[in-house]
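So the structure is just underneath, and the comments pick up after that.
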Amino acid sequence: MLRVGLTGGLGSGKSTVAQYLREMGAEVSESDDLGRALMEPGQPVYNEILRVFGQEVAGPDGHLDRARLAKLAFSGGRLDELNAIVHPAVIEAQRRWMREVFARDPAAVAVVVSALIFEVERDARARGERDNILADWRRRIDRVVVVTAPDELKIARYVDRLGIFGAGRAAAEADARARLAHQVPDAVKAARADYVVENTGDKAALHAQVEELWRRLKAESNKLPQGESLE
(Lines give C-alpha, C1' and ligand atoms only; values in the text may rest on other atoms or scores of the structure.)
Protein backbone atom coordinates (compact mmCIF):
# COMPACT_ATOMS: atom_id res chain seq x y z
CA MET A 1 0.00 0.00 0.00
CA LEU A 2 1.09 3.53 -0.64
CA ARG A 3 -0.59 6.73 0.56
CA VAL A 4 0.06 9.59 -1.86
CA GLY A 5 -0.77 13.26 -1.47
CA LEU A 6 -1.14 15.10 -4.78
CA THR A 7 -1.01 18.85 -4.37
CA GLY A 8 -0.45 22.05 -6.30
CA GLY A 9 -1.59 25.64 -6.30
CA LEU A 10 -4.80 26.92 -7.79
CA GLY A 11 -4.77 26.30 -11.57
CA SER A 12 -1.67 24.13 -11.47
CA GLY A 13 -3.36 21.23 -13.23
CA LYS A 14 -3.43 18.75 -10.35
CA SER A 15 -6.91 17.56 -11.35
CA THR A 16 -5.58 16.62 -14.78
CA VAL A 17 -2.69 14.74 -13.18
CA ALA A 18 -5.17 13.01 -10.88
CA GLN A 19 -7.27 11.93 -13.84
CA TYR A 20 -4.22 10.49 -15.60
CA LEU A 21 -3.30 8.57 -12.44
CA ARG A 22 -6.86 7.29 -12.13
CA GLU A 23 -6.75 6.03 -15.71
CA MET A 24 -3.45 4.29 -14.98
CA GLY A 25 -4.90 2.42 -12.01
CA ALA A 26 -4.64 4.62 -8.94
CA GLU A 27 -7.44 5.00 -6.42
CA VAL A 28 -8.17 8.73 -6.25
CA SER A 29 -10.07 10.87 -3.76
CA GLU A 30 -10.67 14.59 -4.35
CA SER A 31 -10.53 16.68 -1.16
CA ASP A 32 -12.80 19.31 -2.72
CA ASP A 33 -15.51 16.70 -3.29
CA LEU A 34 -15.18 15.45 0.28
CA GLY A 35 -15.31 19.00 1.60
CA ARG A 36 -18.46 19.80 -0.38
CA ALA A 37 -20.17 16.65 0.92
CA LEU A 38 -19.25 17.48 4.51
CA MET A 39 -20.65 20.99 4.10
CA GLU A 40 -24.12 19.77 3.13
CA PRO A 41 -27.05 20.56 5.46
CA GLY A 42 -27.26 18.18 8.40
CA GLN A 43 -23.55 17.45 8.49
CA PRO A 44 -21.58 18.41 11.64
CA VAL A 45 -19.25 20.61 9.53
CA TYR A 46 -22.25 22.49 8.13
CA ASN A 47 -23.64 23.05 11.62
CA GLU A 48 -20.30 24.30 12.93
CA ILE A 49 -19.91 26.73 10.01
CA LEU A 50 -23.31 28.23 10.78
CA ARG A 51 -22.41 28.49 14.46
CA VAL A 52 -19.13 30.29 13.75
CA PHE A 53 -20.07 32.40 10.72
CA GLY A 54 -23.76 32.96 11.38
CA GLN A 55 -27.00 31.91 9.75
CA GLU A 56 -26.50 34.48 7.00
CA VAL A 57 -24.05 32.16 5.21
CA ALA A 58 -26.96 29.80 4.48
CA GLY A 59 -29.05 30.47 1.39
CA PRO A 60 -32.86 30.36 1.15
CA ASP A 61 -32.73 26.64 0.33
CA GLY A 62 -30.69 25.90 3.46
CA HIS A 63 -27.49 25.15 1.59
CA LEU A 64 -24.40 27.22 2.23
CA ASP A 65 -24.02 30.37 0.17
CA ARG A 66 -20.50 29.47 -0.95
CA ALA A 67 -19.84 32.83 -2.59
CA ARG A 68 -20.74 34.67 0.63
CA LEU A 69 -18.73 32.24 2.74
CA ALA A 70 -15.72 32.57 0.43
CA LYS A 71 -15.92 36.36 0.64
CA LEU A 72 -15.95 36.22 4.43
CA ALA A 73 -13.05 33.78 4.44
CA PHE A 74 -10.76 35.38 1.89
CA SER A 75 -11.69 39.07 1.93
CA GLY A 76 -12.80 39.12 5.55
CA GLY A 77 -9.64 37.54 6.89
CA ARG A 78 -11.41 34.51 8.34
CA LEU A 79 -9.91 31.76 6.18
CA ASP A 80 -8.13 30.18 9.16
CA GLU A 81 -11.45 29.88 11.01
CA LEU A 82 -13.08 28.12 8.08
CA ASN A 83 -10.13 25.81 7.51
CA ALA A 84 -10.02 24.87 11.19
CA ILE A 85 -13.57 23.57 10.84
CA VAL A 86 -13.28 21.82 7.49
CA HIS A 87 -9.76 20.39 7.34
CA PRO A 88 -9.88 18.00 10.34
CA ALA A 89 -13.16 16.52 9.06
CA VAL A 90 -11.80 16.10 5.53
CA ILE A 91 -8.62 14.42 6.79
CA GLU A 92 -10.64 12.01 8.92
CA ALA A 93 -12.84 11.17 5.91
CA GLN A 94 -9.70 10.56 3.85
CA ARG A 95 -8.34 8.25 6.54
CA ARG A 96 -11.53 6.16 6.46
CA TRP A 97 -11.46 6.08 2.65
CA MET A 98 -7.86 4.85 2.59
CA ARG A 99 -8.68 2.14 5.11
CA GLU A 100 -11.47 0.91 2.82
CA VAL A 101 -9.19 1.03 -0.25
CA PHE A 102 -6.43 -0.99 1.37
CA ALA A 103 -8.93 -3.51 2.76
CA ARG A 104 -9.99 -4.20 -0.82
CA ASP A 105 -6.49 -4.14 -2.27
CA PRO A 106 -3.44 -4.17 0.05
CA ALA A 107 -1.20 -3.25 -2.90
CA ALA A 108 -3.22 -0.21 -3.94
CA VAL A 109 -1.86 3.28 -4.52
CA ALA A 110 -4.32 5.65 -2.85
CA VAL A 111 -4.03 9.24 -4.04
CA VAL A 112 -5.57 12.14 -2.13
CA VAL A 113 -5.85 15.29 -4.21
CA SER A 114 -5.58 18.41 -2.06
CA ALA A 115 -4.49 21.95 -2.83
CA LEU A 116 -3.59 22.58 0.81
CA ILE A 117 -1.42 19.76 2.18
CA PHE A 118 1.40 22.15 3.07
CA GLU A 119 -0.93 24.95 4.09
CA VAL A 120 -2.78 22.74 6.58
CA GLU A 121 0.56 21.94 8.21
CA ARG A 122 1.67 25.58 8.18
CA ASP A 123 -1.55 26.84 9.72
CA ALA A 124 -1.61 24.14 12.41
CA ARG A 125 1.92 24.99 13.43
CA ALA A 126 1.04 28.69 13.47
CA ARG A 127 -1.68 27.83 15.98
CA GLY A 128 0.97 26.18 18.14
CA GLU A 129 0.03 22.61 17.27
CA ARG A 130 2.90 20.13 16.96
CA ASP A 131 1.73 16.63 17.80
CA ASN A 132 -1.30 15.99 15.61
CA ILE A 133 -1.89 14.93 12.01
CA LEU A 134 -2.67 18.50 10.93
CA ALA A 135 0.81 19.63 11.94
CA ASP A 136 2.65 16.68 10.39
CA TRP A 137 1.41 15.42 7.02
CA ARG A 138 3.95 12.56 7.08
CA ARG A 139 1.72 10.86 9.61
CA ARG A 140 -0.91 10.32 6.94
CA ILE A 141 0.99 10.47 3.64
CA ASP A 142 3.87 8.32 2.40
CA ARG A 143 4.69 10.32 -0.74
CA VAL A 144 3.88 13.89 -1.74
CA VAL A 145 3.65 14.89 -5.39
CA VAL A 146 3.64 18.60 -6.23
CA VAL A 147 2.31 19.91 -9.54
CA THR A 148 3.91 23.23 -10.45
CA ALA A 149 3.16 25.87 -13.06
CA PRO A 150 4.01 29.56 -13.57
CA ASP A 151 1.69 31.79 -11.54
CA GLU A 152 0.41 33.72 -14.54
CA LEU A 153 -0.54 30.46 -16.23
CA LYS A 154 -2.29 29.29 -13.07
CA ILE A 155 -4.31 32.50 -12.93
CA ALA A 156 -5.29 32.27 -16.60
CA ARG A 157 -6.39 28.64 -16.18
CA TYR A 158 -8.43 29.48 -13.10
CA VAL A 159 -10.27 32.38 -14.75
CA ASP A 160 -10.82 30.42 -17.98
CA ARG A 161 -12.29 27.56 -15.96
CA LEU A 162 -14.77 30.02 -14.45
CA GLY A 163 -15.71 31.08 -17.97
CA ILE A 164 -15.11 34.78 -17.29
CA PHE A 165 -14.05 36.86 -20.27
CA GLY A 166 -14.13 40.60 -20.95
CA ALA A 167 -15.74 42.62 -18.15
CA GLY A 168 -15.17 40.95 -14.83
CA ARG A 169 -11.99 39.16 -15.84
CA ALA A 170 -9.75 41.61 -13.99
CA ALA A 171 -11.71 41.05 -10.78
CA ALA A 172 -11.50 37.27 -11.22
CA GLU A 173 -7.75 37.53 -11.78
CA ALA A 174 -7.41 39.61 -8.61
CA ASP A 175 -9.37 36.95 -6.72
CA ALA A 176 -7.03 34.28 -8.07
CA ARG A 177 -3.99 36.26 -6.95
CA ALA A 178 -5.48 36.65 -3.47
CA ARG A 179 -6.07 32.91 -3.24
CA LEU A 180 -2.53 32.17 -4.42
CA ALA A 181 -1.17 34.58 -1.82
CA HIS A 182 -2.63 32.32 0.88
CA GLN A 183 -0.84 29.29 -0.56
CA VAL A 184 2.72 28.15 0.04
CA PRO A 185 4.89 29.03 -3.00
CA ASP A 186 5.72 26.27 -5.47
CA ALA A 187 9.45 26.51 -4.77
CA VAL A 188 8.89 25.77 -1.08
CA LYS A 189 6.57 22.86 -1.83
CA ALA A 190 8.89 21.40 -4.45
CA ALA A 191 11.82 21.47 -2.04
CA ARG A 192 9.89 19.24 0.38
CA ALA A 193 8.13 17.02 -2.14
CA ASP A 194 9.04 13.47 -3.11
CA TYR A 195 8.16 14.13 -6.75
CA VAL A 196 7.57 17.27 -8.81
CA VAL A 197 5.44 17.33 -11.96
CA GLU A 198 6.00 20.46 -14.05
CA ASN A 199 2.90 21.50 -15.99
CA THR A 200 3.67 24.24 -18.49
CA GLY A 201 0.76 23.46 -20.78
CA ASP A 202 2.18 20.70 -23.00
CA LYS A 203 -0.28 17.84 -22.44
CA ALA A 204 1.93 15.21 -24.06
CA ALA A 205 4.86 16.18 -21.85
CA LEU A 206 2.58 16.19 -18.80
CA HIS A 207 1.23 12.74 -19.59
CA ALA A 208 4.74 11.39 -20.03
CA GLN A 209 5.74 12.73 -16.61
CA VAL A 210 2.69 11.12 -15.01
CA GLU A 211 3.45 7.78 -16.67
CA GLU A 212 6.91 7.86 -15.14
CA LEU A 213 5.47 8.96 -11.81
CA TRP A 214 3.01 6.07 -11.86
CA ARG A 215 5.77 3.59 -12.60
CA ARG A 216 7.71 4.83 -9.58
CA LEU A 217 4.71 4.90 -7.26
CA LYS A 218 3.74 1.36 -8.24
CA ALA A 219 7.29 0.23 -7.50
CA GLU A 220 6.95 1.88 -4.06
CA SER A 221 10.40 3.31 -4.38
CA ASN A 222 11.51 5.39 -1.40
CA LYS A 223 15.13 5.75 -2.44
CA LEU A 224 14.87 8.63 -4.90
CA PRO A 225 16.00 12.15 -3.93
CA GLN A 226 13.24 14.34 -2.60
CA GLY A 227 11.97 16.97 -4.98
CA GLU A 228 13.06 15.03 -8.06
CA SER A 229 11.61 16.56 -11.22
CA LEU A 230 9.83 14.32 -13.68
CA GLU A 231 10.07 16.80 -16.57
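Every chain in the C-alpha coordinates takes a letter, A first, then B, and so on in the order presented; its residues are numbered from 1, and the ligands are numbered from 1 following the presented order.
Residues with any atom within 7 Å of region 87-104 of chain A, counting only C-alpha atoms and excluding same-chain neighbours fewer than 6 positions away, are A:Met1, A:Ser31, A:Leu34, A:Gly35, A:Ala110.
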Would you mind listing what lies within 12 Å of Arg78 (chain A) as a CSV table (one decimal) with N, CA and C atoms, in the first residue's frame, with only C-alpha atoms counted and same-chain residues fewer than 4 positions away left out?
```csv
chain,number,residue,atom,x,y,z
A,49,ILE,N,-20.1,25.5,10.8
A,49,ILE,CA,-19.9,26.7,10.0
A,49,ILE,C,-21.0,27.8,10.3
A,52,VAL,N,-20.3,29.4,13.7
A,52,VAL,CA,-19.1,30.3,13.8
A,52,VAL,C,-19.4,31.5,12.9
A,53,PHE,N,-20.0,31.3,11.7
A,53,PHE,CA,-20.1,32.4,10.7
A,53,PHE,C,-21.5,33.0,10.7
A,69,LEU,N,-19.7,32.8,1.8
A,69,LEU,CA,-18.7,32.2,2.7
A,69,LEU,C,-17.3,32.5,2.3
A,70,ALA,N,-17.1,32.3,1.0
A,70,ALA,CA,-15.7,32.6,0.4
A,70,ALA,C,-15.3,34.0,0.6
A,71,LYS,N,-16.2,34.9,0.4
A,71,LYS,CA,-15.9,36.4,0.6
A,71,LYS,C,-15.5,36.6,2.1
A,72,LEU,N,-16.3,36.1,3.0
A,72,LEU,CA,-16.0,36.2,4.4
A,72,LEU,C,-14.6,35.6,4.8
A,73,ALA,N,-14.3,34.5,4.1
A,73,ALA,CA,-13.1,33.8,4.4
A,73,ALA,C,-11.9,34.5,3.9
A,74,PHE,N,-11.9,34.8,2.6
A,74,PHE,CA,-10.8,35.4,1.9
A,74,PHE,C,-10.7,36.9,2.1
A,82,LEU,N,-12.4,29.1,8.9
A,82,LEU,CA,-13.1,28.1,8.1
A,82,LEU,C,-12.3,26.8,7.9
A,83,ASN,N,-11.0,27.0,7.7
A,83,ASN,CA,-10.1,25.8,7.5
A,83,ASN,C,-10.1,25.0,8.8
A,84,ALA,N,-10.1,25.6,9.9
A,84,ALA,CA,-10.0,24.9,11.2
A,84,ALA,C,-11.3,24.0,11.4
A,85,ILE,N,-12.3,24.4,10.8
A,85,ILE,CA,-13.6,23.6,10.8
A,85,ILE,C,-13.5,22.4,9.8
A,182,HIS,N,-2.4,33.1,-0.3
A,182,HIS,CA,-2.6,32.3,0.9
A,182,HIS,C,-1.9,31.0,0.8
```
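Interatomic distance, CA of Arg68 (chain A) against CA of Ile155 (chain A): 21.4 Å.
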Could you give me the residues within region 84-128 of chain A that DSSP places in strand (DSSP E or B), as a list in words? Val109, Ala110, Val111, Val112 and Val113 of chain A
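In this structure, CA of Val4 (chain A) sits 4.6 Å away from CA of Val111 (chain A).
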Picked from region 84-175 of chain A by DSSP as helix (DSSP H, G or I), as a PyMOL selection string: chain A and resi 84-104+117-126+137-139+151-162+169-175
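Across the structure, CA of Leu79 (chain A) and CA of Leu134 (chain A) are spaced 15.8 Å apart.
Counting only C-alpha atoms, the residue from A:Asp151, A:Ala26, A:Glu211, A:Tyr46 that sits nearest to Ala181 (chain A) is A:Asp151.
Residues surrounding region 172-178 of chain A within 10 Å are Leu10, Gly11, Lys71, Phe74, Ser75, Asp151, Glu152, Lys154, Ile155, Ala156, Arg157, Tyr158, Val159, Asp160, Leu162, Ile164, Phe165, Ala167, Gly168, Arg169, Ala181, His182 and Gln183 of chain A [only C-alpha atoms; sequence separation below 3 positions excluded].
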